[in-house]
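Engineer: Coordinates in query29.pdb, PDB, C-alpha atoms, pLDDT in the B column, are listed below.
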```pdb
ATOM      1  CA  MET A   1     -62.119  16.051  12.720  1.00 53.00           C
ATOM      2  CA  SER A   2     -65.104  14.333  11.176  1.00 72.00           C
ATOM      3  CA  SER A   3     -68.321  13.827  13.083  1.00 81.00           C
ATOM      4  CA  GLN A   4     -67.897  10.072  12.540  1.00 85.00           C
ATOM      5  CA  PHE A   5     -64.538  10.141  14.298  1.00 93.00           C
ATOM      6  CA  SER A   6     -66.092  12.235  17.068  1.00 95.00           C
ATOM      7  CA  LYS A   7     -68.671   9.502  17.673  1.00 96.00           C
ATOM      8  CA  VAL A   8     -65.946   6.848  17.717  1.00 97.00           C
ATOM      9  CA  PHE A   9     -63.845   8.937  20.110  1.00 98.00           C
ATOM     10  CA  SER A  10     -66.825   9.544  22.398  1.00 97.00           C
ATOM     11  CA  GLN A  11     -67.831   5.897  22.629  1.00 97.00           C
ATOM     12  CA  LEU A  12     -64.284   4.635  23.158  1.00 98.00           C
ATOM     13  CA  THR A  13     -63.655   7.317  25.784  1.00 98.00           C
ATOM     14  CA  ASP A  14     -66.812   6.203  27.598  1.00 97.00           C
ATOM     15  CA  ILE A  15     -65.358   2.692  27.847  1.00 97.00           C
ATOM     16  CA  MET A  16     -62.091   3.984  29.312  1.00 97.00           C
ATOM     17  CA  ARG A  17     -63.874   6.468  31.624  1.00 96.00           C
ATOM     18  CA  THR A  18     -65.551   3.559  33.390  1.00 94.00           C
ATOM     19  CA  TYR A  19     -62.299   3.209  35.343  1.00 93.00           C
ATOM     20  CA  GLY A  20     -61.412   6.904  35.463  1.00 88.00           C
ATOM     21  CA  ASP A  21     -62.295   7.398  39.119  1.00 90.00           C
ATOM     22  CA  GLN A  22     -59.930   4.559  40.051  1.00 94.00           C
ATOM     23  CA  LEU A  23     -57.090   5.778  37.828  1.00 95.00           C
ATOM     24  CA  VAL A  24     -55.121   8.990  37.438  1.00 94.00           C
ATOM     25  CA  CYS A  25     -56.330  11.074  34.516  1.00 95.00           C
ATOM     26  CA  GLU A  26     -53.392  12.787  32.805  1.00 95.00           C
ATOM     27  CA  ARG A  27     -55.311  14.336  29.927  1.00 96.00           C
ATOM     28  CA  ASP A  28     -58.993  14.744  29.109  1.00 96.00           C
ATOM     29  CA  ASP A  29     -59.863  16.930  26.130  1.00 96.00           C
ATOM     30  CA  SER A  30     -61.502  16.712  22.711  1.00 94.00           C
ATOM     31  CA  SER A  31     -58.598  14.786  21.168  1.00 95.00           C
ATOM     32  CA  GLU A  32     -57.195  12.625  23.970  1.00 97.00           C
ATOM     33  CA  TYR A  33     -58.212  10.813  27.131  1.00 97.00           C
ATOM     34  CA  PHE A  34     -55.119   9.433  28.919  1.00 97.00           C
ATOM     35  CA  VAL A  35     -55.062   7.514  32.218  1.00 97.00           C
ATOM     36  CA  ASN A  36     -52.344   5.998  34.387  1.00 96.00           C
ATOM     37  CA  THR A  37     -52.471   3.885  37.495  1.00 94.00           C
ATOM     38  CA  ALA A  38     -51.273   5.251  40.847  1.00 90.00           C
ATOM     39  CA  HIS A  39     -48.546   2.563  40.848  1.00 89.00           C
ATOM     40  CA  ILE A  40     -45.040   3.961  40.286  1.00 89.00           C
ATOM     41  CA  ILE A  41     -42.721   1.679  38.300  1.00 90.00           C
ATOM     42  CA  LYS A  42     -38.912   1.391  38.305  1.00 90.00           C
ATOM     43  CA  ASN A  43     -38.356   4.465  36.128  1.00 92.00           C
ATOM     44  CA  LYS A  44     -40.235   6.498  38.771  1.00 91.00           C
ATOM     45  CA  LYS A  45     -43.179   7.124  36.433  1.00 90.00           C
ATOM     46  CA  PRO A  46     -46.754   5.940  36.844  1.00 92.00           C
ATOM     47  CA  LEU A  47     -47.810   2.690  35.182  1.00 91.00           C
ATOM     48  CA  PHE A  48     -49.735   3.508  31.996  1.00 95.00           C
ATOM     49  CA  PHE A  49     -53.215   2.017  31.764  1.00 97.00           C
ATOM     50  CA  GLY A  50     -54.703   3.353  28.569  1.00 97.00           C
ATOM     51  CA  ALA A  51     -55.662   6.180  26.258  1.00 98.00           C
ATOM     52  CA  VAL A  52     -58.039   7.146  23.507  1.00 98.00           C
ATOM     53  CA  GLN A  53     -56.527   9.432  20.892  1.00 98.00           C
ATOM     54  CA  MET A  54     -58.016  11.226  17.924  1.00 96.00           C
ATOM     55  CA  ARG A  55     -55.717  10.801  14.924  1.00 95.00           C
ATOM     56  CA  LYS A  56     -55.937  12.179  11.402  1.00 93.00           C
ATOM     57  CA  ASN A  57     -57.363   9.006   9.824  1.00 94.00           C
ATOM     58  CA  TYR A  58     -58.663   6.991  12.788  1.00 96.00           C
ATOM     59  CA  VAL A  59     -59.199   6.887  16.540  1.00 98.00           C
ATOM     60  CA  SER A  60     -56.718   4.858  18.617  1.00 98.00           C
ATOM     61  CA  TYR A  61     -57.597   2.905  21.747  1.00 98.00           C
ATOM     62  CA  HIS A  62     -54.483   2.027  23.750  1.00 98.00           C
ATOM     63  CA  LEU A  63     -54.825  -0.655  26.422  1.00 98.00           C
ATOM     64  CA  MET A  64     -51.545  -1.438  28.165  1.00 97.00           C
ATOM     65  CA  PRO A  65     -52.802  -4.479  30.139  1.00 97.00           C
ATOM     66  CA  VAL A  66     -52.873  -6.516  26.902  1.00 96.00           C
ATOM     67  CA  TYR A  67     -49.150  -5.810  26.520  1.00 96.00           C
ATOM     68  CA  VAL A  68     -48.365  -6.648  30.145  1.00 94.00           C
ATOM     69  CA  PHE A  69     -50.636  -9.727  30.136  1.00 96.00           C
ATOM     70  CA  PRO A  70     -50.631 -11.064  26.545  1.00 95.00           C
ATOM     71  CA  ASP A  71     -52.837 -14.002  27.569  1.00 96.00           C
ATOM     72  CA  LEU A  72     -55.732 -11.502  27.703  1.00 96.00           C
ATOM     73  CA  MET A  73     -55.697 -11.552  23.900  1.00 94.00           C
ATOM     74  CA  GLU A  74     -56.136 -15.306  23.575  1.00 94.00           C
ATOM     75  CA  SER A  75     -59.915 -14.993  23.339  1.00 91.00           C
ATOM     76  CA  LEU A  76     -60.021 -11.976  21.018  1.00 95.00           C
ATOM     77  CA  SER A  77     -62.147 -12.280  17.924  1.00 97.00           C
ATOM     78  CA  PRO A  78     -60.353 -12.198  14.560  1.00 96.00           C
ATOM     79  CA  GLU A  79     -62.251  -8.980  13.799  1.00 97.00           C
ATOM     80  CA  LEU A  80     -60.834  -7.189  16.841  1.00 97.00           C
ATOM     81  CA  LYS A  81     -57.345  -8.576  16.198  1.00 95.00           C
ATOM     82  CA  LYS A  82     -57.497  -7.021  12.720  1.00 96.00           C
ATOM     83  CA  ARG A  83     -57.891  -3.619  14.395  1.00 97.00           C
ATOM     84  CA  MET A  84     -54.624  -4.015  16.300  1.00 96.00           C
ATOM     85  CA  GLN A  85     -51.580  -1.955  15.540  1.00 94.00           C
ATOM     86  CA  GLY A  86     -48.563  -2.904  17.597  1.00 94.00           C
ATOM     87  CA  LYS A  87     -49.019  -4.819  20.826  1.00 94.00           C
ATOM     88  CA  SER A  88     -51.582  -2.736  22.703  1.00 96.00           C
ATOM     89  CA  CYS A  89     -53.363  -0.410  20.264  1.00 98.00           C
ATOM     90  CA  PHE A  90     -56.645  -0.796  18.400  1.00 98.00           C
ATOM     91  CA  ASN A  91     -57.647   1.599  15.590  1.00 98.00           C
ATOM     92  CA  PHE A  92     -61.187   2.459  14.488  1.00 98.00           C
ATOM     93  CA  ARG A  93     -62.649   4.658  11.750  1.00 96.00           C
ATOM     94  CA  SER A  94     -66.302   4.037  12.544  1.00 96.00           C
ATOM     95  CA  VAL A  95     -68.487   2.905  15.404  1.00 96.00           C
ATOM     96  CA  ASP A  96     -68.652  -0.876  15.648  1.00 97.00           C
ATOM     97  CA  THR A  97     -70.956  -1.854  18.499  1.00 97.00           C
ATOM     98  CA  LYS A  98     -69.932  -5.514  18.479  1.00 98.00           C
ATOM     99  CA  LEU A  99     -66.214  -4.755  18.637  1.00 98.00           C
ATOM    100  CA  PHE A 100     -66.711  -1.962  21.173  1.00 98.00           C
ATOM    101  CA  THR A 101     -68.575  -4.401  23.426  1.00 98.00           C
ATOM    102  CA  GLU A 102     -65.690  -6.864  23.102  1.00 98.00           C
ATOM    103  CA  LEU A 103     -63.210  -4.061  23.832  1.00 97.00           C
ATOM    104  CA  GLU A 104     -65.241  -3.097  26.891  1.00 97.00           C
ATOM    105  CA  LYS A 105     -64.929  -6.653  28.233  1.00 97.00           C
ATOM    106  CA  LEU A 106     -61.216  -6.726  27.426  1.00 97.00           C
ATOM    107  CA  THR A 107     -60.717  -3.418  29.249  1.00 97.00           C
ATOM    108  CA  ALA A 108     -62.570  -4.766  32.298  1.00 97.00           C
ATOM    109  CA  ALA A 109     -60.413  -7.904  32.309  1.00 97.00           C
ATOM    110  CA  GLY A 110     -57.270  -5.799  31.943  1.00 96.00           C
ATOM    111  CA  PHE A 111     -58.298  -3.507  34.779  1.00 96.00           C
ATOM    112  CA  GLU A 112     -58.928  -6.487  37.057  1.00 96.00           C
ATOM    113  CA  ARG A 113     -55.534  -7.986  36.214  1.00 94.00           C
ATOM    114  CA  TYR A 114     -53.807  -4.690  36.977  1.00 92.00           C
ATOM    115  CA  ARG A 115     -55.682  -4.420  40.247  1.00 89.00           C
ATOM    116  CA  GLU A 116     -54.767  -7.989  41.269  1.00 88.00           C
ATOM    117  CA  ARG A 117     -51.081  -7.271  40.764  1.00 80.00           C
TER     118      ARG A 117
END
```
When written as structure tokens, how does the structure in this file appear?
Structural biologist:
Amino acid sequence: MSSQFSKVFSQLTDIMRTYGDQLVCERDDSSEYFVNTAHIIKNKKPLFFGAVQMRKNYVSYHLMPVYVFPDLMESLSPELKKRMQGKSCFNFRSVDTKLFTELEKLTAAGFERYRER
């Protein structure tokens, strides 16, 4: 794991940790931070909120509220949209303060939407 990826992982984990005391932490180690809500869905499993995962070539930031509420992505910058893989995952290879700030706001909006429902 490169030190650059470690910095990316640390900063993205800090964003997700903001809500950690209000969520259920399933995993918190040097390669993954994974949180669920306390809400149990139809399959009798907790509703996934998000995760930060260290991968071989990038760091992934998973944010399930953007999948559940796709309208949250309407105001995303083209730069952040380019980082998307799938419907709720953003990949980073280096620290990008501007995009991390945007992701922080998106995470806050997603958390609020989850809480409202």
Engineer: Name the residues within 10 Å of (-68.5, 5.8, 23.0), counting all atoms listed in the file in the file's coordinates, and put them as a list in words.
Structural biologist: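 Here the neighbourhood of the point contains Ser6, Lys7, Val8, Phe9, Ser10, Gln11, Leu12, Thr13, Asp14, Ile15, Met16, Arg17, Val95, Asp96, Thr97 and Phe100 of chain A.
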Engineer: Closest to Gly20 in chain A among A:Ala38, A:Met54, A:Cys89, A:Val68, using all atoms listed in the file?
Structural biologist: A:Ala38
Engineer: May I ask which of the residues A:Val59, A:Met73, A:Val52, A:Ile40 is the closest one to Asn91 in chain A, counting only C-alpha atoms?
Structural biologist: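 Using only C-alpha atoms, Asn91 in chain A sits closest to A:Val59.
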Engineer: Provide the CA of Asn36 in chain A to CA of Leu63 in chain A distance in Å, to one decimal place.
Structural biologist: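 If I compute the distance from CA of Asn36 in chain A to CA of Leu63 in chain A, I get 10.7 Å.
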Engineer: Quick one: distance from CA of Gly110 in chain A to CA of Pro65 in chain A in Å, one decimal?
Structural biologist: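 So the two atoms, CA of Gly110 in chain A and CA of Pro65 in chain A, lie 5.0 Å apart.
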Engineer: Quick one: what's the axis-aligned box for range 81-97 of chain A, all listed atoms, 5 Å on every side, centre and edges in Å to one decimal, as JSON?
Structural biologist:
```
{"center_x": -59.8, "center_y": -2.0, "center_z": 17.2, "size_x": 32.4, "size_y": 23.2, "size_z": 21.0}
```
Engineer: Just want the 6 Å neighbourhood of Tyr67 in chain A, counted on all atoms listed in the file, with same-chain residues fewer than 3 positions away dropped. Output as an MDAnalysis selection string.
Structural biologist: chainID A and resid 64 70 87:88
Engineer: On this file, the PyMOL selection byres ((chain A and resi 37) around 12) gives some set of residues; write that set as a VMD selection string.
Structural biologist: chain A and resid 19 to 26 34 to 36 38 to 41 45 to 51 64 to 65 111 114 to 115 117
Engineer: Could you state the separation of CA of Arg93 in chain A and CA of Ser75 in chain A in Å, given to one decimal place?
Structural biologist: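 Separating CA of Arg93 in chain A from CA of Ser75 in chain A is a distance of 23.0 Å.
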Engineer: Which residue gives the smallest distance to Leu106 in chain A among A:Asn43, A:Ser2, A:Ser94, A:Ser77, with only C-alpha atoms counted?
Structural biologist: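 Nearest candidate to Leu106 in chain A out of A:Asn43, A:Ser2, A:Ser94, A:Ser77: A:Ser77.
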Engineer: Which one of A:Gly86, A:Tyr61, A:Glu104, A:Ser3 sits closest to Glu32 in chain A if you count all atoms listed in the file?
Structural biologist: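 For Glu32 in chain A, the nearest of the candidates is A:Tyr61.
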Engineer: Which one of A:Thr18, A:Tyr58, A:Lys82, A:Ala108 sits closest to Ser31 in chain A if you count only C-alpha atoms?
Structural biologist: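 Of the candidates, the smallest distance to Ser31 in chain A is held by A:Tyr58.
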Engineer: Since the input lacks some atoms of range 53-78 of chain A, please model N, CA and C atoms and print them as a PDB file, in the coordinates of the input.
Structural biologist:
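Contents of out_38.pdb, freshly written:
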```pdb
ATOM      1  N   GLN A  53     -57.113   8.287  21.577  1.00 98.00           N
ATOM      2  CA  GLN A  53     -56.527   9.432  20.892  1.00 98.00           C
ATOM      3  C   GLN A  53     -57.143   9.616  19.517  1.00 98.00           C
ATOM      4  N   MET A  54     -57.511  10.859  19.232  1.00 96.00           N
ATOM      5  CA  MET A  54     -58.016  11.226  17.924  1.00 96.00           C
ATOM      6  C   MET A  54     -56.813  11.410  17.006  1.00 96.00           C
ATOM      7  N   ARG A  55     -56.779  10.689  15.915  1.00 95.00           N
ATOM      8  CA  ARG A  55     -55.717  10.801  14.924  1.00 95.00           C
ATOM      9  C   ARG A  55     -56.310  11.379  13.642  1.00 95.00           C
ATOM     10  N   LYS A  56     -55.467  11.595  12.662  1.00 93.00           N
ATOM     11  CA  LYS A  56     -55.937  12.179  11.402  1.00 93.00           C
ATOM     12  C   LYS A  56     -56.903  11.246  10.666  1.00 93.00           C
ATOM     13  N   ASN A  57     -56.578   9.944  10.624  1.00 94.00           N
ATOM     14  CA  ASN A  57     -57.363   9.006   9.824  1.00 94.00           C
ATOM     15  C   ASN A  57     -58.079   7.926  10.625  1.00 94.00           C
ATOM     16  N   TYR A  58     -58.016   7.990  11.945  1.00 96.00           N
ATOM     17  CA  TYR A  58     -58.663   6.991  12.788  1.00 96.00           C
ATOM     18  C   TYR A  58     -58.616   7.448  14.239  1.00 96.00           C
ATOM     19  N   VAL A  59     -59.255   6.658  15.098  1.00 98.00           N
ATOM     20  CA  VAL A  59     -59.199   6.887  16.540  1.00 98.00           C
ATOM     21  C   VAL A  59     -58.496   5.675  17.148  1.00 98.00           C
ATOM     22  N   SER A  60     -57.498   5.931  17.986  1.00 98.00           N
ATOM     23  CA  SER A  60     -56.718   4.858  18.617  1.00 98.00           C
ATOM     24  C   SER A  60     -57.191   4.605  20.034  1.00 98.00           C
ATOM     25  N   TYR A  61     -57.256   3.333  20.387  1.00 98.00           N
ATOM     26  CA  TYR A  61     -57.597   2.905  21.747  1.00 98.00           C
ATOM     27  C   TYR A  61     -56.402   2.100  22.250  1.00 98.00           C
ATOM     28  N   HIS A  62     -55.671   2.683  23.188  1.00 98.00           N
ATOM     29  CA  HIS A  62     -54.483   2.027  23.750  1.00 98.00           C
ATOM     30  C   HIS A  62     -54.870   1.356  25.060  1.00 98.00           C
ATOM     31  N   LEU A  63     -54.504   0.100  25.210  1.00 98.00           N
ATOM     32  CA  LEU A  63     -54.825  -0.655  26.422  1.00 98.00           C
ATOM     33  C   LEU A  63     -53.592  -1.444  26.851  1.00 98.00           C
ATOM     34  N   MET A  64     -52.820  -0.855  27.753  1.00 97.00           N
ATOM     35  CA  MET A  64     -51.545  -1.438  28.165  1.00 97.00           C
ATOM     36  C   MET A  64     -51.664  -2.813  28.825  1.00 97.00           C
ATOM     37  N   PRO A  65     -52.735  -3.143  29.545  1.00 97.00           N
ATOM     38  CA  PRO A  65     -52.802  -4.479  30.139  1.00 97.00           C
ATOM     39  C   PRO A  65     -52.652  -5.619  29.136  1.00 97.00           C
ATOM     40  N   VAL A  66     -53.040  -5.427  27.872  1.00 96.00           N
ATOM     41  CA  VAL A  66     -52.873  -6.516  26.902  1.00 96.00           C
ATOM     42  C   VAL A  66     -51.407  -6.711  26.532  1.00 96.00           C
ATOM     43  N   TYR A  67     -50.594  -5.689  26.729  1.00 96.00           N
ATOM     44  CA  TYR A  67     -49.150  -5.810  26.520  1.00 96.00           C
ATOM     45  C   TYR A  67     -48.507  -6.495  27.721  1.00 96.00           C
ATOM     46  N   VAL A  68     -48.918  -6.090  28.910  1.00 94.00           N
ATOM     47  CA  VAL A  68     -48.365  -6.648  30.145  1.00 94.00           C
ATOM     48  C   VAL A  68     -48.815  -8.098  30.348  1.00 94.00           C
ATOM     49  N   PHE A  69     -50.059  -8.387  29.989  1.00 96.00           N
ATOM     50  CA  PHE A  69     -50.636  -9.727  30.136  1.00 96.00           C
ATOM     51  C   PHE A  69     -51.131 -10.214  28.770  1.00 96.00           C
ATOM     52  N   PRO A  70     -50.229 -10.684  27.904  1.00 95.00           N
ATOM     53  CA  PRO A  70     -50.631 -11.064  26.545  1.00 95.00           C
ATOM     54  C   PRO A  70     -51.688 -12.175  26.492  1.00 95.00           C
ATOM     55  N   ASP A  71     -51.818 -12.955  27.559  1.00 96.00           N
ATOM     56  CA  ASP A  71     -52.837 -14.002  27.569  1.00 96.00           C
ATOM     57  C   ASP A  71     -54.251 -13.414  27.498  1.00 96.00           C
ATOM     58  N   LEU A  72     -54.418 -12.140  27.817  1.00 96.00           N
ATOM     59  CA  LEU A  72     -55.732 -11.502  27.703  1.00 96.00           C
ATOM     60  C   LEU A  72     -56.230 -11.507  26.258  1.00 96.00           C
ATOM     61  N   MET A  73     -55.315 -11.603  25.306  1.00 94.00           N
ATOM     62  CA  MET A  73     -55.697 -11.552  23.900  1.00 94.00           C
ATOM     63  C   MET A  73     -56.043 -12.916  23.314  1.00 94.00           C
ATOM     64  N   GLU A  74     -55.882 -13.960  24.097  1.00 94.00           N
ATOM     65  CA  GLU A  74     -56.136 -15.306  23.575  1.00 94.00           C
ATOM     66  C   GLU A  74     -57.567 -15.503  23.101  1.00 94.00           C
ATOM     67  N   SER A  75     -58.515 -14.807  23.710  1.00 91.00           N
ATOM     68  CA  SER A  75     -59.915 -14.993  23.339  1.00 91.00           C
ATOM     69  C   SER A  75     -60.448 -13.886  22.420  1.00 91.00           C
ATOM     70  N   LEU A  76     -59.569 -13.048  21.906  1.00 95.00           N
ATOM     71  CA  LEU A  76     -60.021 -11.976  21.018  1.00 95.00           C
ATOM     72  C   LEU A  76     -60.565 -12.531  19.713  1.00 95.00           C
ATOM     73  N   SER A  77     -61.600 -11.888  19.224  1.00 97.00           N
ATOM     74  CA  SER A  77     -62.147 -12.280  17.924  1.00 97.00           C
ATOM     75  C   SER A  77     -61.176 -11.880  16.823  1.00 97.00           C
ATOM     76  N   PRO A  78     -61.206 -12.581  15.695  1.00 96.00           N
ATOM     77  CA  PRO A  78     -60.353 -12.198  14.560  1.00 96.00           C
ATOM     78  C   PRO A  78     -60.634 -10.764  14.105  1.00 96.00           C
TER      79      PRO A  78
END
```
